[in-house]
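Okay, so here's the structure we're looking at.
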Amino acid sequence: MDILNRKDVRQKLKTLGHSIPDTTLFVGGYHNTCSDEVLIFDAPEREDVKTAITMIRKAAERNALERCRKYEDVPLTIDSKEAYRHCLGRANDYMQPRPEYNHATNALCIVGPRWMSKDLFLDRRAFLASYEPEQDNDRADVLRAILSAAGPVCSGINLEYYFGYMDNDVYGCGSKLPHNVTSLVGVMNGYQSDLLLGLSSQMVEIHDPFRLMLLVVCEKHKIEALLEELDSLNLLVKNDWIHLSVLDPKNQNLYRYLENGLCKQIYSHHPSFEYPSQHASFAGKREACRLGIVRK
Amino acid sequence: MEIILKFLLAYLGLSGFLKSSAIMALYFSKCSMRSGERFVQFLVNVGGTFELIVVIATVVASFTITFPSQVSFGDLLNIGSAILFNTNPVSLLYILVSFIVIGLVGRFSCFYLHKDPHYYKFFSLFYIFQSAMVLLILSDSFVSYFVGWELLGISSVLLISFYSERKGPVNNSLRVFTLYKISDILLFGGFAVAFSQSHLQLFSQFPRAGIEPFSIYMMLTSLAIMIKMGGFPVIWLPRAMEGPTPSTAVFYGALATHIPLLLFINLWSGSEVQSWVRYALIGLLIFIILKATVLARVSTDAKNMLAYATVKHISIISIEALLGLFTLAYVHLVVHCFYRLFQFIRTPSLIYEYHEAEGFRGGSFPEKGAQYNRLLPLAFRKKLYHMALHEFYLMPRLSRIIDILMGLTNRISRKKVVQISLFNAALLLILALLQWYDIKKIHPTLFLLIPPWIFALVALLYNFRDWRNINVVLLSVVSLISIIFYADGFIPLLVLTLTQLTLFSLLITTFNLKTNVFSSAFNLSKKQKVFLFIISLWLVGVPGPGTYYLFEKTIHLSIEKDLYLAIGAFIILSINTLSVVKNYSLDEIHFRRSKE
């Protein structure tokens, strides 16, 4: 990371057409999503960097708190600091077959500007890919890059959980408890079996088997062009492996992909559900929460 | 003082049974899974802590106060011999070790098995195992030791078939159970031989002299222990790796393979046996060690490799005991027990750990066993590898034989079952005639075993559906017990046998053996099946009436030197136990399929 902070490197990059502003600083870090531990490498001793790191750590703690409500052995009354400590211990626990629930309960992927999903309570169900439709060119190069990666990846994760939940013995690997590590590459069941694929029953037990809803914020004609162009996305959408919705930022129209292409949908501009604060949205609940807007 | 000690030891022995029956009651009650789990956690935490306190108090007391080296519980069940517990330092040390291990693994499993559909099954078997451990470590009398031995076998076998909805665990559990039963028969045979010669019922009363039947007893008992520890007649221990990780760890990594060895060391310490037994056993153990080494190097997965390593190490400990290094063997056993337990518990996170370790190291670990490449020629290595991949063709062949016997691969037809039964009856008749000719007794006793033997064979070989074989099994047991108890003359016995045969033919006509009807009157729910299984196992096997009557009779029969009847009766009871367990395990799969 230090390499991009060097002046000569930035100078050279500028000549190649990649301009990095002088106010930008690169700091290396590692977020362990299982323990919610954030490691920052060689951070410079600066006040704003320290504030940023504190904020990131605080966000990780809050994330830990949101994750902890799904664990049955954690009381619902804990605060974010305790939750962080719990997740840290849980990730390194031999007797814990559920160190994390990974992407379980995922249902949504939003490709759009981040300000649009601000203050939304999504209950850890959404993949968020940042995309500014105004900054994209007419050929939608940025969107193509995002969708060609996000579409297959998110739908792959979603379908893995979907099928792992629907038939865990066939598309998943069954219970984790009798697994036997073989050749340090995979697991089999007990004394001898085939190599097992897929997710274990401990990972998918809280999942709700939905097909992924992919919401893209862009002009209608751009996505129609991309659907023709990108085979990987087209096959997924056309064969109902994922649902596709498009929100046109110009006229605020919502389209949904049905059998005969993108059809206009009628929707209410008012939020369906409101929460007084972020914490209030899930506090004291183990089951799935309604998605809604958080009013500060 | 003795009263308190008696109370404490009785508590240690009974707490496992009490906890197990409480958990079984929970299974049959309509309690919700969540509150049930909480109750089990309470039992594990509070009960485990209390037991550990009791054990530590006993150990501390044994160093400070002088108390009797043996505690007698009197003739509790009127079995004929008193239940005696040893309280020497070695037994107390092993009690401490096993309670630490059981407490740790119990607490581990509370979380590990959370939300598992077989939660109660695991813990009820686990606590039966705890009581078996206490009996195995402390008992001085044959009978209570044997009860512990059998309970250890049945609990570990039912934990191998823990995931009874899959076929692999069930098959492997039945294979292991067959070997366990052979070990039981050997142990019983050893006891019966020793008892018939000198009327001994206690280990501590043993003459440490080189009389001839004594070395036969030593040989039989040692072989039984070697089967139990996983290395004889073939290395079967990897087949037992089917249960959840904590049960694998505590049974095959730690206690179930190690504690029988305690008797082995105790047997050989200070006894003057003819040296041929000792040398034969050392040779056998060296053979097992070499085999296990080669097999461990070939195996690719973590649990199998650890199982082979366990067999190898336990064999080394046995050799230490045979060579007379008893203190070393005792210490080695404890250390190895803890180390393997830890290794087995670690196996599920092995990939992650290697990933991390190799990351720190900056590369993969160096290859092991490179010295063999230089020592052995390539052709030999290739041949050895080929042989080792197929487990030297021994275990696959043995399991094939067991599969055919148990009807796991293909069903034996009715005609074949009848043929086998008739053949066996004829064989037994010839043996009985030989016996008659040999000892010129008033009545040939082996002749009496024909009806129970045939019933037992039919129940084992023929795959009945939906618990219909329990009738045949019960018929066999009833005829056995009636023969042992009430028949003192030839004519009453003949009448009895004929009555039983009539009953059997009645049974054939009632239940219609000819056709394989899958639906029958025995349409039971899952809980009812479990209940029926427990009851029938108790009736037929350990430590139920079957064993009790058998021991009672052994004690009386052996005085009249009728050893063969006692051993034959035990073999029949073993076969009956086998067929009960087989019927239950296979029925589980069948039940699941019909539900789907």
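Naming works like this for the structure tokens: A, B, ... for the chains as they're shown, residue 1 at the start of each chain, ligands 1 onward in shown order.
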Sorted by chain and rising residue number, which residues of chain A lie within 9 Å of chain B, and what are their closest atom pairs and distances in Å to one decimal, counting only C-alpha atoms, as JSON lines?
```
{"residue": "A:Asp73", "atom": "CA", "partner": "B:Phe111", "partner_atom": "CA", "distance": 8.9}
{"residue": "A:Tyr94", "atom": "CA", "partner": "B:Arg346", "partner_atom": "CA", "distance": 7.0}
{"residue": "A:Met95", "atom": "CA", "partner": "B:Tyr112", "partner_atom": "CA", "distance": 5.1}
{"residue": "A:Gln96", "atom": "CA", "partner": "B:Tyr112", "partner_atom": "CA", "distance": 5.6}
{"residue": "A:Pro97", "atom": "CA", "partner": "B:Tyr112", "partner_atom": "CA", "distance": 5.9}
{"residue": "A:Arg98", "atom": "CA", "partner": "B:Tyr112", "partner_atom": "CA", "distance": 8.7}
{"residue": "A:Ser175", "atom": "CA", "partner": "B:Asp116", "partner_atom": "CA", "distance": 8.4}
{"residue": "A:Lys176", "atom": "CA", "partner": "B:Pro244", "partner_atom": "CA", "distance": 8.5}
{"residue": "A:Leu177", "atom": "CA", "partner": "B:Pro244", "partner_atom": "CA", "distance": 4.8}
{"residue": "A:Pro178", "atom": "CA", "partner": "B:Pro244", "partner_atom": "CA", "distance": 4.3}
{"residue": "A:His179", "atom": "CA", "partner": "B:Pro348", "partner_atom": "CA", "distance": 6.9}
{"residue": "A:Asn180", "atom": "CA", "partner": "B:Lys303", "partner_atom": "CA", "distance": 6.2}
{"residue": "A:Val181", "atom": "CA", "partner": "B:Ala302", "partner_atom": "CA", "distance": 5.5}
{"residue": "A:Thr182", "atom": "CA", "partner": "B:Asp301", "partner_atom": "CA", "distance": 3.8}
{"residue": "A:Ser183", "atom": "CA", "partner": "B:Thr300", "partner_atom": "CA", "distance": 5.1}
{"residue": "A:Leu184", "atom": "CA", "partner": "B:Ile351", "partner_atom": "CA", "distance": 5.5}
{"residue": "A:Val185", "atom": "CA", "partner": "B:Ile351", "partner_atom": "CA", "distance": 7.1}
{"residue": "A:Gly186", "atom": "CA", "partner": "B:Ile351", "partner_atom": "CA", "distance": 8.1}
{"residue": "A:Val187", "atom": "CA", "partner": "B:Asp301", "partner_atom": "CA", "distance": 8.5}
{"residue": "A:Met188", "atom": "CA", "partner": "B:Asp301", "partner_atom": "CA", "distance": 8.8}
{"residue": "A:Asn189", "atom": "CA", "partner": "B:Glu242", "partner_atom": "CA", "distance": 7.3}
{"residue": "A:Gly190", "atom": "CA", "partner": "B:Glu242", "partner_atom": "CA", "distance": 4.1}
{"residue": "A:Tyr191", "atom": "CA", "partner": "B:Met241", "partner_atom": "CA", "distance": 5.2}
{"residue": "A:Gln192", "atom": "CA", "partner": "B:Gly168", "partner_atom": "CA", "distance": 8.1}
{"residue": "A:Ser193", "atom": "CA", "partner": "B:Gly168", "partner_atom": "CA", "distance": 8.3}
{"residue": "A:Gln202", "atom": "CA", "partner": "B:Lys115", "partner_atom": "CA", "distance": 8.8}
```
Extract, using only C-alpha atoms, all DNA, RNA and protein residues at most 9 Å from Glu219 in chain A, discarding same-chain residues fewer than 6 positions from it, and format them as a PyMOL selection string. chain A and resi 133+246-250
How would the residues just chosen look if you wrote them out with C-alpha atoms as a PDB file, in the first residue's frame?
```
ATOM      1  CA  PRO A 133     -25.028   6.319 -12.986  1.00  0.00           C
ATOM      2  CA  VAL A 246     -34.094  -1.637 -12.633  1.00  0.00           C
ATOM      3  CA  LEU A 247     -34.645   1.815 -11.194  1.00  0.00           C
ATOM      4  CA  ASP A 248     -34.298   4.570 -13.746  1.00  0.00           C
ATOM      5  CA  PRO A 249     -32.711   7.558 -11.951  1.00  0.00           C
ATOM      6  CA  LYS A 250     -33.960  10.039 -14.585  1.00  0.00           C
TER       7      LYS A 250
END
```
Residue nearest His103 in chain A among A:Gly156, A:Gly292, A:Gly174, A:Gly89 (counting only C-alpha atoms):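 Ranked by minimum distance to His103 in chain A, first place goes to A:Gly156.
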Could you give me the residues within range 136-226 of chain A that DSSP places in helix (DSSP H, G or I), as a PDB file with N, CA and C atoms, in the first residue's frame?
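File produced: states_15.pdb:
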```
ATOM      1  N   ASP A 141     -19.613   1.384 -19.447  1.00  0.00           N
ATOM      2  CA  ASP A 141     -18.445   0.527 -19.203  1.00  0.00           C
ATOM      3  C   ASP A 141     -18.325   0.120 -17.737  1.00  0.00           C
ATOM      4  N   VAL A 142     -18.606   1.098 -16.860  1.00  0.00           N
ATOM      5  CA  VAL A 142     -18.466   0.802 -15.429  1.00  0.00           C
ATOM      6  C   VAL A 142     -19.523  -0.231 -15.019  1.00  0.00           C
ATOM      7  N   LEU A 143     -20.742  -0.005 -15.469  1.00  0.00           N
ATOM      8  CA  LEU A 143     -21.834  -0.921 -15.111  1.00  0.00           C
ATOM      9  C   LEU A 143     -21.552  -2.325 -15.632  1.00  0.00           C
ATOM     10  N   ARG A 144     -20.978  -2.396 -16.847  1.00  0.00           N
ATOM     11  CA  ARG A 144     -20.672  -3.708 -17.403  1.00  0.00           C
ATOM     12  C   ARG A 144     -19.658  -4.428 -16.531  1.00  0.00           C
ATOM     13  N   ALA A 145     -18.642  -3.661 -16.123  1.00  0.00           N
ATOM     14  CA  ALA A 145     -17.625  -4.270 -15.255  1.00  0.00           C
ATOM     15  C   ALA A 145     -18.237  -4.746 -13.950  1.00  0.00           C
ATOM     16  N   ILE A 146     -19.126  -3.925 -13.379  1.00  0.00           N
ATOM     17  CA  ILE A 146     -19.721  -4.317 -12.098  1.00  0.00           C
ATOM     18  C   ILE A 146     -20.620  -5.537 -12.269  1.00  0.00           C
ATOM     19  N   LEU A 147     -21.496  -5.466 -13.291  1.00  0.00           N
ATOM     20  CA  LEU A 147     -22.488  -6.540 -13.425  1.00  0.00           C
ATOM     21  C   LEU A 147     -21.854  -7.862 -13.854  1.00  0.00           C
ATOM     22  N   SER A 148     -20.802  -7.777 -14.660  1.00  0.00           N
ATOM     23  CA  SER A 148     -20.203  -9.046 -15.088  1.00  0.00           C
ATOM     24  C   SER A 148     -19.531  -9.742 -13.915  1.00  0.00           C
ATOM     25  N   ALA A 149     -19.183  -8.966 -12.879  1.00  0.00           N
ATOM     26  CA  ALA A 149     -18.628  -9.613 -11.686  1.00  0.00           C
ATOM     27  C   ALA A 149     -19.715  -9.877 -10.658  1.00  0.00           C
ATOM     28  N   ALA A 150     -20.490  -8.847 -10.328  1.00  0.00           N
ATOM     29  CA  ALA A 150     -21.442  -8.961  -9.213  1.00  0.00           C
ATOM     30  C   ALA A 150     -22.573  -9.936  -9.526  1.00  0.00           C
ATOM     31  N   GLY A 151     -23.032  -9.930 -10.790  1.00  0.00           N
ATOM     32  CA  GLY A 151     -24.152 -10.809 -11.138  1.00  0.00           C
ATOM     33  C   GLY A 151     -23.853 -12.268 -10.850  1.00  0.00           C
ATOM     34  N   PRO A 152     -22.847 -12.833 -11.517  1.00  0.00           N
ATOM     35  CA  PRO A 152     -22.557 -14.249 -11.279  1.00  0.00           C
ATOM     36  C   PRO A 152     -22.129 -14.552  -9.851  1.00  0.00           C
ATOM     37  N   VAL A 153     -21.335 -13.653  -9.244  1.00  0.00           N
ATOM     38  CA  VAL A 153     -20.829 -13.944  -7.897  1.00  0.00           C
ATOM     39  C   VAL A 153     -21.966 -13.952  -6.887  1.00  0.00           C
ATOM     40  N   CYS A 154     -22.773 -12.882  -6.889  1.00  0.00           N
ATOM     41  CA  CYS A 154     -23.850 -12.797  -5.898  1.00  0.00           C
ATOM     42  C   CYS A 154     -24.884 -13.889  -6.128  1.00  0.00           C
ATOM     43  N   SER A 155     -25.208 -14.128  -7.402  1.00  0.00           N
ATOM     44  CA  SER A 155     -26.198 -15.178  -7.651  1.00  0.00           C
ATOM     45  C   SER A 155     -25.624 -16.539  -7.296  1.00  0.00           C
ATOM     46  N   GLY A 156     -24.309 -16.713  -7.503  1.00  0.00           N
ATOM     47  CA  GLY A 156     -23.676 -17.979  -7.126  1.00  0.00           C
ATOM     48  C   GLY A 156     -23.788 -18.217  -5.638  1.00  0.00           C
ATOM     49  N   ILE A 157     -23.476 -17.181  -4.864  1.00  0.00           N
ATOM     50  CA  ILE A 157     -23.573 -17.316  -3.403  1.00  0.00           C
ATOM     51  C   ILE A 157     -25.016 -17.598  -3.014  1.00  0.00           C
ATOM     52  N   ASN A 158     -25.935 -16.821  -3.583  1.00  0.00           N
ATOM     53  CA  ASN A 158     -27.344 -16.973  -3.227  1.00  0.00           C
ATOM     54  C   ASN A 158     -27.862 -18.367  -3.552  1.00  0.00           C
ATOM     55  N   LEU A 159     -27.499 -18.847  -4.757  1.00  0.00           N
ATOM     56  CA  LEU A 159     -28.025 -20.163  -5.162  1.00  0.00           C
ATOM     57  C   LEU A 159     -27.384 -21.285  -4.360  1.00  0.00           C
ATOM     58  N   GLU A 160     -26.130 -21.080  -3.949  1.00  0.00           N
ATOM     59  CA  GLU A 160     -25.474 -22.087  -3.106  1.00  0.00           C
ATOM     60  C   GLU A 160     -26.246 -22.234  -1.801  1.00  0.00           C
ATOM     61  N   TYR A 161     -26.622 -21.109  -1.220  1.00  0.00           N
ATOM     62  CA  TYR A 161     -27.395 -21.159   0.022  1.00  0.00           C
ATOM     63  C   TYR A 161     -28.787 -21.707  -0.244  1.00  0.00           C
ATOM     64  N   TYR A 162     -29.369 -21.286  -1.363  1.00  0.00           N
ATOM     65  CA  TYR A 162     -30.728 -21.728  -1.702  1.00  0.00           C
ATOM     66  C   TYR A 162     -30.782 -23.254  -1.787  1.00  0.00           C
ATOM     67  N   PHE A 163     -29.883 -23.820  -2.577  1.00  0.00           N
ATOM     68  CA  PHE A 163     -29.938 -25.273  -2.772  1.00  0.00           C
ATOM     69  C   PHE A 163     -29.417 -26.015  -1.550  1.00  0.00           C
ATOM     70  N   GLY A 164     -28.451 -25.389  -0.857  1.00  0.00           N
ATOM     71  CA  GLY A 164     -27.980 -25.992   0.386  1.00  0.00           C
ATOM     72  C   GLY A 164     -29.097 -26.112   1.401  1.00  0.00           C
ATOM     73  N   TYR A 165     -30.008 -25.155   1.370  1.00  0.00           N
ATOM     74  CA  TYR A 165     -31.135 -25.210   2.301  1.00  0.00           C
ATOM     75  C   TYR A 165     -32.191 -26.200   1.817  1.00  0.00           C
ATOM     76  N   MET A 166     -32.455 -26.207   0.511  1.00  0.00           N
ATOM     77  CA  MET A 166     -33.539 -27.032  -0.004  1.00  0.00           C
ATOM     78  C   MET A 166     -33.247 -28.524   0.153  1.00  0.00           C
ATOM     79  N   ASN A 168     -30.072 -30.415   1.777  1.00  0.00           N
ATOM     80  CA  ASN A 168     -28.729 -30.291   2.322  1.00  0.00           C
ATOM     81  C   ASN A 168     -27.878 -31.537   2.083  1.00  0.00           C
ATOM     82  N   ASP A 169     -28.516 -32.702   1.980  1.00  0.00           N
ATOM     83  CA  ASP A 169     -27.733 -33.921   1.798  1.00  0.00           C
ATOM     84  C   ASP A 169     -27.164 -34.036   0.388  1.00  0.00           C
ATOM     85  N   VAL A 170     -27.860 -33.472  -0.587  1.00  0.00           N
ATOM     86  CA  VAL A 170     -27.434 -33.627  -1.976  1.00  0.00           C
ATOM     87  C   VAL A 170     -26.607 -32.427  -2.436  1.00  0.00           C
ATOM     88  N   TYR A 171     -27.153 -31.218  -2.236  1.00  0.00           N
ATOM     89  CA  TYR A 171     -26.446 -30.027  -2.711  1.00  0.00           C
ATOM     90  C   TYR A 171     -25.549 -29.423  -1.633  1.00  0.00           C
ATOM     91  N   SER A 201     -25.057 -28.092   7.037  1.00  0.00           N
ATOM     92  CA  SER A 201     -26.383 -27.752   7.560  1.00  0.00           C
ATOM     93  C   SER A 201     -26.271 -26.681   8.638  1.00  0.00           C
ATOM     94  N   GLN A 202     -25.134 -26.640   9.344  1.00  0.00           N
ATOM     95  CA  GLN A 202     -24.974 -25.611  10.367  1.00  0.00           C
ATOM     96  C   GLN A 202     -24.892 -24.209   9.763  1.00  0.00           C
ATOM     97  N   MET A 203     -24.486 -24.116   8.499  1.00  0.00           N
ATOM     98  CA  MET A 203     -24.330 -22.792   7.886  1.00  0.00           C
ATOM     99  C   MET A 203     -25.627 -22.278   7.289  1.00  0.00           C
ATOM    100  N   VAL A 204     -26.499 -23.175   6.850  1.00  0.00           N
ATOM    101  CA  VAL A 204     -27.686 -22.722   6.122  1.00  0.00           C
ATOM    102  C   VAL A 204     -28.952 -22.780   6.960  1.00  0.00           C
ATOM    103  N   LYS A 220     -32.884   2.516 -18.470  1.00  0.00           N
ATOM    104  CA  LYS A 220     -33.433   1.253 -18.946  1.00  0.00           C
ATOM    105  C   LYS A 220     -32.702   0.739 -20.180  1.00  0.00           C
ATOM    106  N   HIS A 221     -32.397   1.656 -21.086  1.00  0.00           N
ATOM    107  CA  HIS A 221     -31.802   1.194 -22.349  1.00  0.00           C
ATOM    108  C   HIS A 221     -30.403   0.641 -22.123  1.00  0.00           C
ATOM    109  N   LYS A 222     -29.699   1.177 -21.112  1.00  0.00           N
ATOM    110  CA  LYS A 222     -28.350   0.683 -20.854  1.00  0.00           C
ATOM    111  C   LYS A 222     -28.381  -0.782 -20.407  1.00  0.00           C
ATOM    112  N   ILE A 223     -29.288  -1.065 -19.490  1.00  0.00           N
ATOM    113  CA  ILE A 223     -29.316  -2.444 -18.981  1.00  0.00           C
ATOM    114  C   ILE A 223     -29.839  -3.399 -20.043  1.00  0.00           C
ATOM    115  N   GLU A 224     -30.737  -2.899 -20.888  1.00  0.00           N
ATOM    116  CA  GLU A 224     -31.223  -3.775 -21.965  1.00  0.00           C
ATOM    117  C   GLU A 224     -30.088  -4.131 -22.914  1.00  0.00           C
ATOM    118  N   ALA A 225     -29.240  -3.108 -23.182  1.00  0.00           N
ATOM    119  CA  ALA A 225     -28.093  -3.379 -24.042  1.00  0.00           C
ATOM    120  C   ALA A 225     -27.139  -4.367 -23.390  1.00  0.00           C
ATOM    121  N   LEU A 226     -26.949  -4.160 -22.075  1.00  0.00           N
ATOM    122  CA  LEU A 226     -26.015  -5.043 -21.371  1.00  0.00           C
ATOM    123  C   LEU A 226     -26.523  -6.483 -21.303  1.00  0.00           C
TER     124      LEU A 226
END
```
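Counting only C-alpha atoms, Asn32 in chain A has the following residues at most 10 Å away, ignoring those fewer than 4 positions along the same chain: Asp36, Glu37, Val38, Leu39, Ala60, Leu88 and Ala91 of chain A.
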Any idea what's packed within 12 Å of Met387 in chain B, counting only C-alpha atoms, ignoring anything in its chain fewer than 4 positions away? Could you give it as a count of residues only? 14
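Of the listed residues (A:Asp136, A:Ile78, A:Leu291, A:Ser268), A:Leu291 comes nearest to Arg124 in chain A; the distances count only C-alpha atoms.
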Determine, counting only C-alpha atoms, which protein, DNA and RNA residues have an atom within 9 Å of an atom of Ile288 in chain B; residues of the same chain fewer than 6 positions away are not included. Present the result as an MDAnalysis selection string. chainID B and resid 231:232 234:235 311:312 315
Output file for the selection above: C-alpha atoms, as an mmCIF file, in the first residue's frame:
```cif
data_model
loop_
_atom_site.group_PDB
_atom_site.id
_atom_site.type_symbol
_atom_site.label_atom_id
_atom_site.label_comp_id
_atom_site.auth_asym_id
_atom_site.auth_seq_id
_atom_site.Cartn_x
_atom_site.Cartn_y
_atom_site.Cartn_z
ATOM 1 C CA GLY B 231 -5.617 -53.820 16.599
ATOM 2 C CA PHE B 232 -6.675 -57.445 16.553
ATOM 3 C CA VAL B 234 -7.165 -56.750 12.047
ATOM 4 C CA ILE B 235 -6.924 -53.024 12.608
ATOM 5 C CA VAL B 311 -3.398 -48.448 17.594
ATOM 6 C CA LYS B 312 0.337 -48.250 17.143
ATOM 7 C CA SER B 315 0.525 -51.589 21.125
#
```
Find the residues around range 3-9 of chain A up to 10 Å (only C-alpha atoms counted), leave out those fewer than 4 positions away in its own chain, and share them as a ChimeraX atom specification. /A:13-14,20,22,24-27
N, CA and C atoms of the current selection, written as an mmCIF file, in the first residue's frame:
```cif
data_model
loop_
_atom_site.group_PDB
_atom_site.id
_atom_site.type_symbol
_atom_site.label_atom_id
_atom_site.label_comp_id
_atom_site.auth_asym_id
_atom_site.auth_seq_id
_atom_site.Cartn_x
_atom_site.Cartn_y
_atom_site.Cartn_z
ATOM 1 N N LEU A 13 2.112 7.774 -12.422
ATOM 2 C CA LEU A 13 0.733 7.372 -12.707
ATOM 3 C C LEU A 13 -0.019 8.502 -13.392
ATOM 4 N N LYS A 14 0.276 9.721 -12.968
ATOM 5 C CA LYS A 14 -0.401 10.872 -13.553
ATOM 6 C C LYS A 14 -0.096 10.965 -15.043
ATOM 7 N N ILE A 20 -4.144 10.637 -8.886
ATOM 8 C CA ILE A 20 -4.528 10.427 -7.484
ATOM 9 C C ILE A 20 -4.393 11.766 -6.778
ATOM 10 N N ASP A 22 -3.789 14.690 -4.030
ATOM 11 C CA ASP A 22 -2.775 14.766 -2.984
ATOM 12 C C ASP A 22 -3.352 14.475 -1.606
ATOM 13 N N THR A 24 -5.338 12.145 -0.899
ATOM 14 C CA THR A 24 -5.612 10.716 -0.700
ATOM 15 C C THR A 24 -4.429 10.037 -0.025
ATOM 16 N N LEU A 25 -4.755 9.194 0.955
ATOM 17 C CA LEU A 25 -3.709 8.437 1.649
ATOM 18 C C LEU A 25 -4.109 6.964 1.661
ATOM 19 N N PHE A 26 -3.185 6.099 1.317
ATOM 20 C CA PHE A 26 -3.480 4.659 1.315
ATOM 21 C C PHE A 26 -2.983 4.031 2.608
ATOM 22 N N VAL A 27 -3.875 3.287 3.280
ATOM 23 C CA VAL A 27 -3.488 2.573 4.495
ATOM 24 C C VAL A 27 -3.948 1.127 4.346
#
```
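Counting only C-alpha atoms, Ile40 in chain A has the following residues at most 7 Å away, ignoring those fewer than 4 positions along the same chain: Gly28, Gly29 and Tyr30 of chain A.
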CA of Leu152 in chain B to CA of Phe129 in chain B, distance in Å rounded to a single decimal: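 Separating CA of Leu152 in chain B from CA of Phe129 in chain B is a distance of 5.6 Å.
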Expressed in Å to a single decimal, how great is the separation between CA of Ser62 in chain B and CA of Pro89 in chain B? 7.5 Å
